[in-house]
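K.L.:
So here's upload.tsv (TSV, C-alpha atoms and all ligand atoms).
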```tsv
chain	number	residue	atom	x	y	z
A	1	MET	CA	-49.69	-22.47	7.93
A	2	ASN	CA	-49.42	-20.31	4.80
A	3	ILE	CA	-48.21	-21.70	1.46
A	4	ARG	CA	-44.77	-20.14	1.80
A	5	ASP	CA	-44.20	-21.83	5.17
A	6	GLN	CA	-45.52	-25.15	3.86
A	7	ILE	CA	-43.08	-25.00	0.95
A	8	PHE	CA	-40.25	-24.04	3.27
A	9	GLU	CA	-41.00	-27.04	5.46
A	10	LYS	CA	-41.11	-29.32	2.43
A	11	VAL	CA	-37.74	-28.10	1.14
A	12	THR	CA	-35.94	-28.49	4.44
A	13	SER	CA	-37.21	-32.05	4.76
A	14	PHE	CA	-35.64	-33.00	1.39
A	15	PRO	CA	-32.86	-35.53	1.70
A	16	THR	CA	-29.49	-33.91	1.10
A	17	LEU	CA	-27.51	-34.70	-2.04
A	18	PRO	CA	-24.67	-37.15	-1.59
A	19	THR	CA	-21.51	-35.45	-0.34
A	20	ILE	CA	-19.76	-36.51	-3.52
A	21	THR	CA	-21.73	-33.79	-5.36
A	22	GLN	CA	-20.22	-31.04	-3.20
A	23	ARG	CA	-16.76	-32.56	-3.62
A	24	LEU	CA	-17.12	-32.56	-7.41
A	25	LEU	CA	-18.40	-28.99	-7.39
A	26	SER	CA	-15.54	-27.79	-5.21
A	27	ILE	CA	-12.99	-29.44	-7.50
A	28	ILE	CA	-14.43	-27.86	-10.60
A	29	GLU	CA	-14.57	-24.44	-8.94
A	30	ASP	CA	-10.95	-24.72	-7.79
A	31	PRO	CA	-8.59	-23.65	-10.59
A	32	ASN	CA	-5.68	-25.30	-8.76
A	33	ALA	CA	-7.29	-28.74	-8.55
A	34	ALA	CA	-5.45	-31.36	-10.59
A	35	ASP	CA	-7.26	-33.10	-13.46
A	36	ALA	CA	-6.81	-36.49	-11.83
A	37	GLU	CA	-8.64	-35.33	-8.71
A	38	ILE	CA	-12.06	-35.72	-10.32
A	39	GLY	CA	-11.38	-39.38	-11.10
A	40	ARG	CA	-10.17	-39.99	-7.56
A	41	VAL	CA	-13.49	-38.75	-6.17
A	42	ILE	CA	-15.72	-40.64	-8.64
A	43	GLN	CA	-13.91	-43.97	-8.42
A	44	TYR	CA	-15.15	-44.58	-4.86
A	45	ASP	CA	-18.76	-44.51	-6.03
A	46	PRO	CA	-19.34	-47.65	-8.11
A	47	ALA	CA	-22.71	-46.60	-9.52
A	48	LEU	CA	-21.45	-43.18	-10.55
A	49	THR	CA	-18.35	-44.76	-12.10
A	50	ALA	CA	-20.62	-47.07	-14.08
A	51	ASN	CA	-22.70	-44.12	-15.35
A	52	VAL	CA	-19.67	-42.13	-16.41
A	53	LEU	CA	-18.06	-45.09	-18.18
A	54	LYS	CA	-21.33	-45.91	-19.90
A	55	ALA	CA	-21.55	-42.33	-21.15
A	56	ALA	CA	-17.88	-42.28	-22.17
A	57	ASN	CA	-18.36	-45.46	-24.18
A	58	SER	CA	-21.57	-44.29	-25.83
A	59	ALA	CA	-21.77	-44.13	-29.59
A	60	PHE	CA	-21.47	-40.33	-29.37
A	61	LEU	CA	-17.75	-40.41	-28.65
A	62	GLY	CA	-17.15	-43.31	-30.97
A	63	PHE	CA	-13.98	-44.74	-29.46
A	64	SER	CA	-12.82	-47.86	-31.25
A	65	LYS	CA	-11.59	-49.29	-27.95
A	66	PRO	CA	-13.88	-48.82	-24.94
A	67	VAL	CA	-12.47	-47.11	-21.85
A	68	SER	CA	-12.43	-49.11	-18.66
A	69	SER	CA	-11.49	-46.59	-16.00
A	70	ILE	CA	-12.32	-43.00	-15.07
A	71	THR	CA	-8.66	-42.03	-15.40
A	72	GLU	CA	-8.55	-43.41	-18.92
A	73	ALA	CA	-11.83	-41.66	-19.75
A	74	SER	CA	-10.62	-38.30	-18.42
A	75	VAL	CA	-7.45	-38.55	-20.52
A	76	ARG	CA	-9.56	-39.12	-23.63
A	77	VAL	CA	-12.44	-36.72	-23.06
A	78	GLY	CA	-11.18	-34.29	-20.43
A	79	LYS	CA	-11.96	-33.45	-16.83
A	80	LYS	CA	-14.77	-31.01	-17.67
A	81	TRP	CA	-16.73	-33.57	-19.64
A	82	ILE	CA	-16.37	-36.19	-16.89
A	83	PHE	CA	-17.56	-33.61	-14.39
A	84	GLN	CA	-20.61	-32.71	-16.47
A	85	ILE	CA	-21.71	-36.30	-16.87
A	86	ALA	CA	-21.11	-37.06	-13.19
A	87	VAL	CA	-23.04	-34.01	-11.92
A	88	SER	CA	-25.86	-34.56	-14.44
A	89	SER	CA	-26.10	-38.15	-13.31
A	90	LEU	CA	-26.31	-37.11	-9.64
A	91	ILE	CA	-28.97	-34.47	-10.35
A	92	TYR	CA	-30.90	-36.60	-12.89
A	93	SER	CA	-33.17	-38.41	-10.46
A	94	ASN	CA	-34.14	-35.11	-8.81
A	95	LEU	CA	-35.11	-33.49	-12.07
A	96	ASN	CA	-36.77	-36.61	-13.38
A	97	VAL	CA	-40.07	-35.57	-11.83
A	98	PHE	CA	-43.42	-34.93	-13.48
A	99	ALA	CA	-43.93	-31.22	-12.71
A	100	LYS	CA	-47.70	-31.43	-13.09
A	101	GLY	CA	-48.56	-27.83	-12.22
A	102	TYR	CA	-46.08	-26.56	-14.80
A	103	GLU	CA	-47.39	-28.90	-17.48
A	104	LEU	CA	-43.94	-30.38	-17.86
A	105	THR	CA	-43.39	-34.11	-18.13
A	106	ALA	CA	-40.30	-35.48	-16.42
A	107	GLU	CA	-38.68	-35.73	-19.83
A	108	GLN	CA	-39.46	-32.11	-20.74
A	109	LEU	CA	-38.15	-30.76	-17.42
A	110	TRP	CA	-34.94	-32.76	-17.85
A	111	ARG	CA	-34.59	-31.70	-21.48
A	112	HIS	CA	-35.14	-28.02	-20.65
A	113	SER	CA	-32.65	-28.15	-17.75
A	114	MET	CA	-30.01	-29.89	-19.86
A	115	ALA	CA	-30.58	-27.49	-22.78
A	116	VAL	CA	-30.13	-24.46	-20.49
A	117	ALA	CA	-27.00	-26.05	-18.97
A	118	LEU	CA	-25.44	-26.67	-22.39
A	119	MET	CA	-26.46	-23.27	-23.73
A	120	SER	CA	-25.04	-21.53	-20.63
A	121	GLU	CA	-21.80	-23.46	-20.92
A	122	ASN	CA	-21.49	-22.49	-24.58
A	123	PHE	CA	-22.05	-18.81	-23.82
A	124	GLY	CA	-19.47	-19.09	-21.02
A	125	LYS	CA	-16.94	-20.52	-23.47
A	126	ILE	CA	-17.71	-17.92	-26.13
A	127	LEU	CA	-17.28	-15.14	-23.57
A	128	ARG	CA	-14.08	-16.84	-22.36
A	129	LEU	CA	-15.18	-17.18	-18.76
A	130	GLY	CA	-13.07	-19.55	-16.71
A	131	ASP	CA	-15.73	-21.20	-14.59
A	132	THR	CA	-17.89	-22.88	-17.23
A	133	GLY	CA	-18.28	-25.98	-15.01
A	134	MET	CA	-20.06	-23.91	-12.38
A	135	ILE	CA	-22.14	-22.14	-15.05
A	136	PHE	CA	-23.16	-25.52	-16.54
A	137	THR	CA	-24.30	-26.73	-13.10
A	138	GLY	CA	-26.18	-23.46	-12.45
A	139	GLY	CA	-28.00	-23.94	-15.75
A	140	LEU	CA	-28.75	-27.56	-14.96
A	141	VAL	CA	-30.41	-26.79	-11.61
A	142	HIS	CA	-31.91	-23.33	-12.34
A	143	ASP	CA	-35.52	-24.62	-12.29
A	144	ILE	CA	-35.01	-27.12	-9.46
A	145	GLY	CA	-37.59	-25.17	-7.39
A	146	LYS	CA	-40.31	-26.60	-9.62
A	147	ILE	CA	-39.88	-30.02	-8.06
A	148	ALA	CA	-41.11	-28.60	-4.75
A	149	LEU	CA	-43.63	-26.05	-6.02
A	150	HIS	CA	-45.49	-27.98	-8.70
A	151	ASP	CA	-48.17	-29.38	-6.34
A	152	ALA	CA	-49.10	-25.89	-5.11
A	153	VAL	CA	-49.01	-24.55	-8.69
A	154	ASP	CA	-51.32	-27.36	-9.75
A	155	GLU	CA	-53.74	-26.63	-6.90
A	156	TYR	CA	-53.95	-22.90	-7.71
A	157	TYR	CA	-53.67	-23.39	-11.45
A	158	ASP	CA	-56.78	-21.39	-12.45
A	159	GLN	CA	-55.97	-18.40	-10.25
A	160	LEU	CA	-52.37	-18.29	-11.47
A	161	GLN	CA	-53.53	-18.43	-15.05
A	162	GLU	CA	-55.98	-15.59	-14.41
A	163	ILE	CA	-53.29	-13.40	-12.83
A	164	VAL	CA	-51.00	-13.99	-15.80
A	165	ASP	CA	-53.79	-13.08	-18.22
A	166	THR	CA	-55.36	-10.12	-16.48
A	167	ASP	CA	-52.34	-8.51	-14.78
A	168	GLU	CA	-49.97	-9.33	-17.64
A	169	LEU	CA	-47.49	-10.75	-15.19
A	170	SER	CA	-44.94	-13.42	-15.94
A	171	PHE	CA	-45.62	-16.84	-14.47
A	172	GLU	CA	-43.12	-16.51	-11.62
A	173	GLU	CA	-44.52	-13.05	-10.76
A	174	ALA	CA	-47.95	-14.66	-10.51
A	175	GLU	CA	-46.47	-17.35	-8.21
A	176	ARG	CA	-45.08	-14.64	-5.94
A	177	LYS	CA	-48.35	-12.71	-5.92
A	178	LEU	CA	-50.56	-15.67	-5.13
A	179	LEU	CA	-48.33	-18.12	-3.26
A	180	GLY	CA	-45.95	-15.64	-1.63
A	181	ILE	CA	-42.92	-17.36	-3.17
A	182	ASP	CA	-41.76	-18.27	-6.68
A	183	HIS	CA	-39.90	-21.31	-8.02
A	184	ALA	CA	-36.62	-19.34	-8.25
A	185	GLU	CA	-36.67	-18.61	-4.52
A	186	VAL	CA	-37.75	-22.18	-3.71
A	187	GLY	CA	-34.88	-23.43	-5.88
A	188	ALA	CA	-32.40	-21.21	-4.03
A	189	LEU	CA	-33.66	-22.65	-0.74
A	190	ILE	CA	-33.14	-26.19	-2.05
A	191	ALA	CA	-29.64	-25.28	-3.24
A	192	GLU	CA	-28.82	-23.80	0.17
A	193	HIS	CA	-30.09	-26.99	1.76
A	194	TRP	CA	-27.83	-28.97	-0.61
A	195	LYS	CA	-24.91	-26.72	0.36
A	196	PHE	CA	-24.23	-25.52	-3.17
A	197	SER	CA	-21.84	-22.59	-3.61
A	198	PRO	CA	-23.17	-19.01	-3.26
A	199	ALA	CA	-22.50	-18.50	-7.01
A	200	ILE	CA	-24.89	-21.34	-7.95
A	201	ILE	CA	-27.48	-20.29	-5.36
A	202	ASP	CA	-27.46	-16.76	-6.86
A	203	ILE	CA	-27.89	-18.13	-10.40
A	204	ILE	CA	-31.00	-20.03	-9.29
A	205	ARG	CA	-32.45	-17.19	-7.21
A	206	TRP	CA	-32.08	-14.54	-9.94
A	207	HIS	CA	-32.55	-16.60	-13.09
A	208	HIS	CA	-35.74	-14.68	-13.98
A	209	TYR	CA	-34.72	-11.32	-12.59
A	210	PRO	CA	-30.95	-10.71	-12.81
A	211	GLN	CA	-31.43	-7.04	-11.85
A	212	GLY	CA	-32.47	-8.12	-8.35
A	213	ALA	CA	-29.08	-9.63	-7.49
A	214	GLU	CA	-26.87	-7.66	-5.13
A	215	GLN	CA	-23.93	-8.59	-7.32
A	216	ILE	CA	-24.93	-9.19	-10.93
A	217	THR	CA	-22.45	-11.70	-12.31
A	218	SER	CA	-21.94	-12.84	-15.90
A	219	ALA	CA	-23.03	-16.31	-14.75
A	220	ILE	CA	-26.46	-14.96	-13.70
A	221	ASP	CA	-26.87	-13.04	-16.97
A	222	ILE	CA	-25.79	-16.08	-18.99
A	223	VAL	CA	-28.23	-18.53	-17.38
A	224	HIS	CA	-31.06	-16.00	-17.73
A	225	ALA	CA	-30.26	-15.46	-21.43
A	226	ALA	CA	-29.89	-19.21	-22.00
A	227	ASP	CA	-33.23	-19.88	-20.26
A	228	ALA	CA	-34.99	-17.25	-22.39
A	229	LEU	CA	-33.41	-18.60	-25.56
A	230	CYS	CA	-34.32	-22.20	-24.73
A	231	MET	CA	-37.92	-21.07	-24.23
A	232	MET	CA	-37.90	-19.38	-27.64
A	233	GLU	CA	-36.34	-22.45	-29.26
A	234	GLY	CA	-39.01	-24.63	-27.67
A	235	PHE	CA	-36.77	-26.63	-25.31
A	236	GLY	CA	-39.39	-27.34	-22.64
A	237	LEU	CA	-42.03	-24.64	-22.61
A	238	GLY	CA	-44.67	-25.65	-20.07
A	239	LYS	CA	-46.46	-22.97	-18.08
A	240	GLU	CA	-43.36	-20.86	-17.70
A	241	GLY	CA	-43.47	-20.06	-21.40
A	242	LEU	CA	-46.38	-17.73	-20.60
A	243	GLN	CA	-45.36	-14.07	-20.53
A	244	TYR	CA	-41.65	-14.81	-20.17
A	245	HIS	CA	-39.98	-11.48	-19.38
A	246	VAL	CA	-36.53	-11.19	-20.90
A	247	CYS	CA	-34.14	-8.84	-19.10
A	248	GLN	CA	-32.79	-6.45	-21.75
A	249	GLU	CA	-30.03	-5.22	-19.41
A	250	SER	CA	-28.68	-8.79	-19.21
A	251	LEU	CA	-28.62	-9.09	-22.97
A	252	SER	CA	-26.80	-5.79	-23.41
A	253	ARG	CA	-24.26	-6.66	-20.71
A	254	LEU	CA	-23.50	-9.96	-22.45
A	255	ASP	CA	-23.39	-8.28	-25.86
A	256	LEU	CA	-24.02	-11.54	-27.72
A	257	THR	CA	-24.11	-11.23	-31.48
A	258	LYS	CA	-26.69	-12.94	-33.68
A	259	GLU	CA	-23.96	-15.25	-35.00
A	260	THR	CA	-22.87	-16.19	-31.48
A	261	VAL	CA	-26.40	-17.10	-30.54
A	262	GLU	CA	-26.92	-19.14	-33.71
A	263	THR	CA	-23.66	-21.04	-33.14
A	264	ALA	CA	-24.64	-21.80	-29.55
A	265	VAL	CA	-28.12	-23.01	-30.58
A	266	SER	CA	-26.80	-25.40	-33.21
A	267	ARG	CA	-24.12	-26.76	-30.83
A	268	VAL	CA	-26.74	-27.31	-28.15
A	269	MET	CA	-29.06	-29.13	-30.57
A	270	ASP	CA	-26.26	-31.58	-31.42
A	271	SER	CA	-25.06	-32.20	-27.87
A	272	LEU	CA	-28.58	-32.43	-26.49
A	273	GLU	CA	-29.48	-35.29	-28.77
A	274	ASN	CA	-26.35	-37.20	-27.84
A	275	ILE	CA	-26.72	-36.57	-24.13
A	276	GLU	CA	-30.37	-37.61	-24.25
A	277	ASP	CA	-29.26	-40.91	-25.75
A	278	MET	CA	-26.88	-41.40	-22.84
A	279	PHE	CA	-29.68	-40.87	-20.34
A	280	SER	CA	-32.40	-42.52	-22.39
A	281	ASP	CA	-32.28	-45.85	-20.63
A	282	LYS	CA	-32.21	-45.08	-16.96
A	283	PRO	CA	-28.73	-44.44	-15.60
A	284	ALA	CA	-27.38	-47.13	-13.28
A	285	GLU	CA	-28.62	-46.77	-9.74
A	286	CYS	CA	-26.52	-43.99	-8.31
A	287	ALA	CA	-26.35	-42.45	-4.88
A	288	ALA	CA	-28.60	-39.51	-5.80
A	289	VAL	CA	-31.73	-38.61	-3.88
A	290	ARG	CA	-34.81	-40.62	-4.79
A	291	ARG	CA	-38.38	-39.86	-3.87
A	301	FE	FE	-37.57	-20.69	-14.18
A	302	FE	FE	-36.16	-22.48	-17.05
```
Just give me the structure of the file as structure tokens.
Ligand SMILES: [Fe+2]
Ligand SMILES: [Fe+2]

P.N.:
Amino acid sequence: MNIRDQIFEKVTSFPTLPTITQRLLSIIEDPNAADAEIGRVIQYDPALTANVLKAANSAFLGFSKPVSSITEASVRVGKKWIFQIAVSSLIYSNLNVFAKGYELTAEQLWRHSMAVALMSENFGKILRLGDTGMIFTGGLVHDIGKIALHDAVDEYYDQLQEIVDTDELSFEEAERKLLGIDHAEVGALIAEHWKFSPAIIDIIRWHHYPQGAEQITSAIDIVHAADALCMMEGFGLGKEGLQYHVCQESLSRLDLTKETVETAVSRVMDSLENIEDMFSDKPAECAAVRR
């Protein structure tokens, strides 16, 4: 069996994400869904409720009186924030993996993913896009393919490195050349397996090469730009930092000014620190996939 087939088999044997994840994603993607709906979904999952309340009561938000229900929390901090914490909490255990081949500790992979999610969300807000919840999630899971590909990357480490150096290819191009598949494609397969929306699957699949998408959306351009920027800012470099190819067409389509980028970077720095605190001691056991 070739490497591509082995990876494919591995991905399809992954446990699926709890159905609550899809329900949360469909609510956030539905502009007609009521704010209270998100609380109604979360409240039936005690562990997830505990995580969201813990985050809501963290020092970051500084409420004088702690909140004791999801409804109360969503009134104070808003549906979008509740959604972000809930989805991050459900994805956390999947991204909390030592991606050996990529030279990324579990903490670095999580930090990079969260930084890209926050940066993407900020760009979405600045560009006044409506679906920033979906863009945040796309950013959060863009490198999810690494959790399935890191063993193979580790095994062929020297050859991959040589291809990057001698052929001047980016790391994911070297993956494709040697392994027949890259982590973006593996990630898209995982997202399909998890029944994520086509918009999120496309973000993952084209996060290194937006020009390849049949329909280039702002969400794809944004996550690509956010990923590139997070690399430059040093949010989780690892092996992927080698020969990172930035898509100039994406940058011109987004037309982000220097000021916009600087604002987004400083906002991300602040939020990242606070969010890291929330996840610093392990979140309560939630229904997410564990391996
Ligand atoms: Fe990537
Ligand atoms: Fe990335």

K.L.:
Select, from A:Gly212, A:Gly236, A:Gly124, A:Gly78, the residue with the minimum atom-to-atom distance to ligand FE 301 (chain A), counting only C-alpha atoms and all ligand atoms.

P.N.:
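With only C-alpha atoms and all ligand atoms as the atom set, the closest residue is A:Gly236.
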
K.L.:
In Å, rounded to a single decimal, give me how far CA of Leu179 (chain A) is from CA of Glu162 (chain A).

P.N.:
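Separating CA of Glu162 (chain A) from CA of Leu179 (chain A) is a distance of 13.8 Å.
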
K.L.:
To check your reading of the model: which residues sit at most 9 Å from ligand FE 301 (chain A) when counting all atoms listed in the file? Write the answer as a list in words.

P.N.:
His142, Asp143, Ile144, Gly145, Lys146, Phe171, Glu172, Asp182, His183, Ala184, Ile204, His207, His208, His224, Asp227 and Glu240 of chain A

K.L.:
What are the closest atom pairs, with distances in Å to one decimal, for all residues of chain A lying within 12 Å of ligand FE 302 (chain A)? Consider only C-alpha atoms and all ligand atoms, order rows by chain and residue number, and present the result as a Markdown table.

P.N.:
```
| residue | atom | partner | partner_atom | distance |
| --- | --- | --- | --- | --- |
| A:Tyr102 | CA | A:FE302 | FE | 11.0 |
| A:Leu104 | CA | A:FE302 | FE | 11.1 |
| A:Gln108 | CA | A:FE302 | FE | 10.8 |
| A:Leu109 | CA | A:FE302 | FE | 8.5 |
| A:Trp110 | CA | A:FE302 | FE | 10.4 |
| A:Arg111 | CA | A:FE302 | FE | 10.3 |
| A:His112 | CA | A:FE302 | FE | 6.7 |
| A:Ser113 | CA | A:FE302 | FE | 6.7 |
| A:Met114 | CA | A:FE302 | FE | 10.0 |
| A:Ala115 | CA | A:FE302 | FE | 9.4 |
| A:Val116 | CA | A:FE302 | FE | 7.2 |
| A:Ala117 | CA | A:FE302 | FE | 10.0 |
| A:Met119 | CA | A:FE302 | FE | 11.8 |
| A:Ser120 | CA | A:FE302 | FE | 11.7 |
| A:Gly138 | CA | A:FE302 | FE | 11.0 |
| A:Gly139 | CA | A:FE302 | FE | 8.4 |
| A:Leu140 | CA | A:FE302 | FE | 9.2 |
| A:Val141 | CA | A:FE302 | FE | 9.0 |
| A:His142 | CA | A:FE302 | FE | 6.4 |
| A:Asp143 | CA | A:FE302 | FE | 5.3 |
| A:Ile144 | CA | A:FE302 | FE | 9.0 |
| A:Gly145 | CA | A:FE302 | FE | 10.1 |
| A:Lys146 | CA | A:FE302 | FE | 9.5 |
| A:Phe171 | CA | A:FE302 | FE | 11.3 |
| A:Glu172 | CA | A:FE302 | FE | 10.7 |
| A:His183 | CA | A:FE302 | FE | 9.8 |
| A:Ala184 | CA | A:FE302 | FE | 9.4 |
| A:Gly187 | CA | A:FE302 | FE | 11.3 |
| A:Ile203 | CA | A:FE302 | FE | 11.5 |
| A:Ile204 | CA | A:FE302 | FE | 9.6 |
| A:Arg205 | CA | A:FE302 | FE | 11.8 |
| A:Trp206 | CA | A:FE302 | FE | 11.4 |
| A:His207 | CA | A:FE302 | FE | 8.0 |
| A:His208 | CA | A:FE302 | FE | 8.4 |
| A:Val223 | CA | A:FE302 | FE | 8.9 |
| A:His224 | CA | A:FE302 | FE | 8.3 |
| A:Ala225 | CA | A:FE302 | FE | 10.2 |
| A:Ala226 | CA | A:FE302 | FE | 8.6 |
| A:Asp227 | CA | A:FE302 | FE | 5.1 |
| A:Ala228 | CA | A:FE302 | FE | 7.6 |
| A:Leu229 | CA | A:FE302 | FE | 9.7 |
| A:Cys230 | CA | A:FE302 | FE | 7.9 |
| A:Met231 | CA | A:FE302 | FE | 7.5 |
| A:Met232 | CA | A:FE302 | FE | 11.2 |
| A:Gly234 | CA | A:FE302 | FE | 11.2 |
| A:Phe235 | CA | A:FE302 | FE | 9.3 |
| A:Gly236 | CA | A:FE302 | FE | 8.1 |
| A:Leu237 | CA | A:FE302 | FE | 8.4 |
| A:Gly238 | CA | A:FE302 | FE | 9.6 |
| A:Lys239 | CA | A:FE302 | FE | 10.4 |
| A:Glu240 | CA | A:FE302 | FE | 7.4 |
| A:Gly241 | CA | A:FE302 | FE | 8.8 |
| A:Leu242 | CA | A:FE302 | FE | 11.8 |
| A:Tyr244 | CA | A:FE302 | FE | 9.9 |
| A:His245 | CA | A:FE302 | FE | 11.9 |
| A:Val246 | CA | A:FE302 | FE | 11.9 |
```

K.L.:
Kindly give the distance, in Å, that separates CA of Val153 (chain A) and CA of Ser93 (chain A), rounded to a single decimal.

P.N.:
21.1 Å

K.L.:
At what distance in Å, to one decimal, does CA of Arg267 (chain A) lie from CA of Ile38 (chain A)?

P.N.:
25.4 Å

K.L.:
Let me make sure I understand: among A:Gly130, A:Glu175, A:Gln159, A:Gln248, which one has the smallest atom-to-atom distance to Ile3 (chain A) if we use all atoms listed in the file?

P.N.:
A:Glu175

K.L.:
Determine the nearest neighbour of Glu155 (chain A) from the options A:Ile275, A:Leu178, A:Leu189, A:Ala199, counting only C-alpha atoms.

P.N.:
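Closest to Glu155 (chain A) of all the choices is A:Leu178.
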
K.L.:
Using all atoms listed in the file, give me every residue within 8 Å of (-26.1, -24.8, -27.6) in file coordinates, as a ChimeraX atom specification.

P.N.:
/A:115,118-120,122,263-271

K.L.:
Using only C-alpha atoms, which residue out of A:Ile20, A:Ile7, A:Ala219, A:Met1 lies closest to Ile135 (chain A)?

P.N.:
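Closest candidate: A:Ala219.
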
K.L.:
I need the residue nearest Leu53 (chain A) from this list: A:Ala86, A:Val41, A:Ala34, A:Ala106. Use all atoms listed in the file for the distance.

P.N.:
A:Ala86

K.L.:
For Met134 (chain A), which of A:Phe196, A:Tyr44, A:Phe8, A:Tyr209 is the closest residue, counting only C-alpha atoms?

P.N.:
A:Phe196

K.L.:
Extract, using all atoms listed in the file, all DNA, RNA and protein residues at most 8 Å from Ala56 (chain A), discarding same-chain residues fewer than 2 positions from it, and format them as JSON, numbers by chain.

P.N.:
{"A": [52, 53, 54, 58, 61, 67, 73, 77]}

K.L.:
Missing atoms in region 36-53 of chain A need filling: write out N, CA and C atoms for it as a tab-separated table (two decimals), in the coordinates of the input.

P.N.:
```tsv
chain	number	residue	atom	x	y	z
A	36	ALA	N	-6.60	-35.13	-12.32
A	36	ALA	CA	-6.81	-36.49	-11.83
A	36	ALA	C	-7.74	-36.54	-10.61
A	37	GLU	N	-7.86	-35.41	-9.95
A	37	GLU	CA	-8.64	-35.33	-8.71
A	37	GLU	C	-10.09	-35.80	-8.92
A	38	ILE	N	-10.66	-35.41	-10.04
A	38	ILE	CA	-12.06	-35.72	-10.32
A	38	ILE	C	-12.26	-37.24	-10.39
A	39	GLY	N	-11.32	-37.92	-11.01
A	39	GLY	CA	-11.38	-39.38	-11.10
A	39	GLY	C	-11.25	-40.02	-9.74
A	40	ARG	N	-10.39	-39.42	-8.91
A	40	ARG	CA	-10.17	-39.99	-7.56
A	40	ARG	C	-11.45	-39.95	-6.74
A	41	VAL	N	-12.23	-38.87	-6.93
A	41	VAL	CA	-13.49	-38.75	-6.17
A	41	VAL	C	-14.53	-39.74	-6.71
A	42	ILE	N	-14.67	-39.80	-8.03
A	42	ILE	CA	-15.72	-40.64	-8.64
A	42	ILE	C	-15.48	-42.13	-8.42
A	43	GLN	N	-14.20	-42.53	-8.45
A	43	GLN	CA	-13.91	-43.97	-8.42
A	43	GLN	C	-14.41	-44.69	-7.16
A	44	TYR	N	-14.67	-43.92	-6.08
A	44	TYR	CA	-15.15	-44.58	-4.86
A	44	TYR	C	-16.66	-44.79	-4.88
A	45	ASP	N	-17.32	-44.31	-5.91
A	45	ASP	CA	-18.76	-44.51	-6.03
A	45	ASP	C	-19.00	-45.42	-7.25
A	46	PRO	N	-19.24	-46.71	-7.00
A	46	PRO	CA	-19.34	-47.65	-8.11
A	46	PRO	C	-20.45	-47.32	-9.11
A	47	ALA	N	-21.61	-46.88	-8.60
A	47	ALA	CA	-22.71	-46.60	-9.52
A	47	ALA	C	-22.40	-45.40	-10.40
A	48	LEU	N	-21.79	-44.39	-9.79
A	48	LEU	CA	-21.45	-43.18	-10.55
A	48	LEU	C	-20.36	-43.51	-11.57
A	49	THR	N	-19.40	-44.33	-11.17
A	49	THR	CA	-18.35	-44.76	-12.10
A	49	THR	C	-18.99	-45.46	-13.29
A	50	ALA	N	-19.96	-46.33	-13.00
A	50	ALA	CA	-20.62	-47.07	-14.08
A	50	ALA	C	-21.32	-46.11	-15.04
A	51	ASN	N	-22.00	-45.09	-14.49
A	51	ASN	CA	-22.70	-44.12	-15.35
A	51	ASN	C	-21.73	-43.35	-16.24
A	52	VAL	N	-20.63	-42.93	-15.65
A	52	VAL	CA	-19.67	-42.13	-16.41
A	52	VAL	C	-19.02	-42.98	-17.51
A	53	LEU	N	-18.68	-44.22	-17.17
A	53	LEU	CA	-18.06	-45.09	-18.18
A	53	LEU	C	-19.05	-45.41	-19.30
```
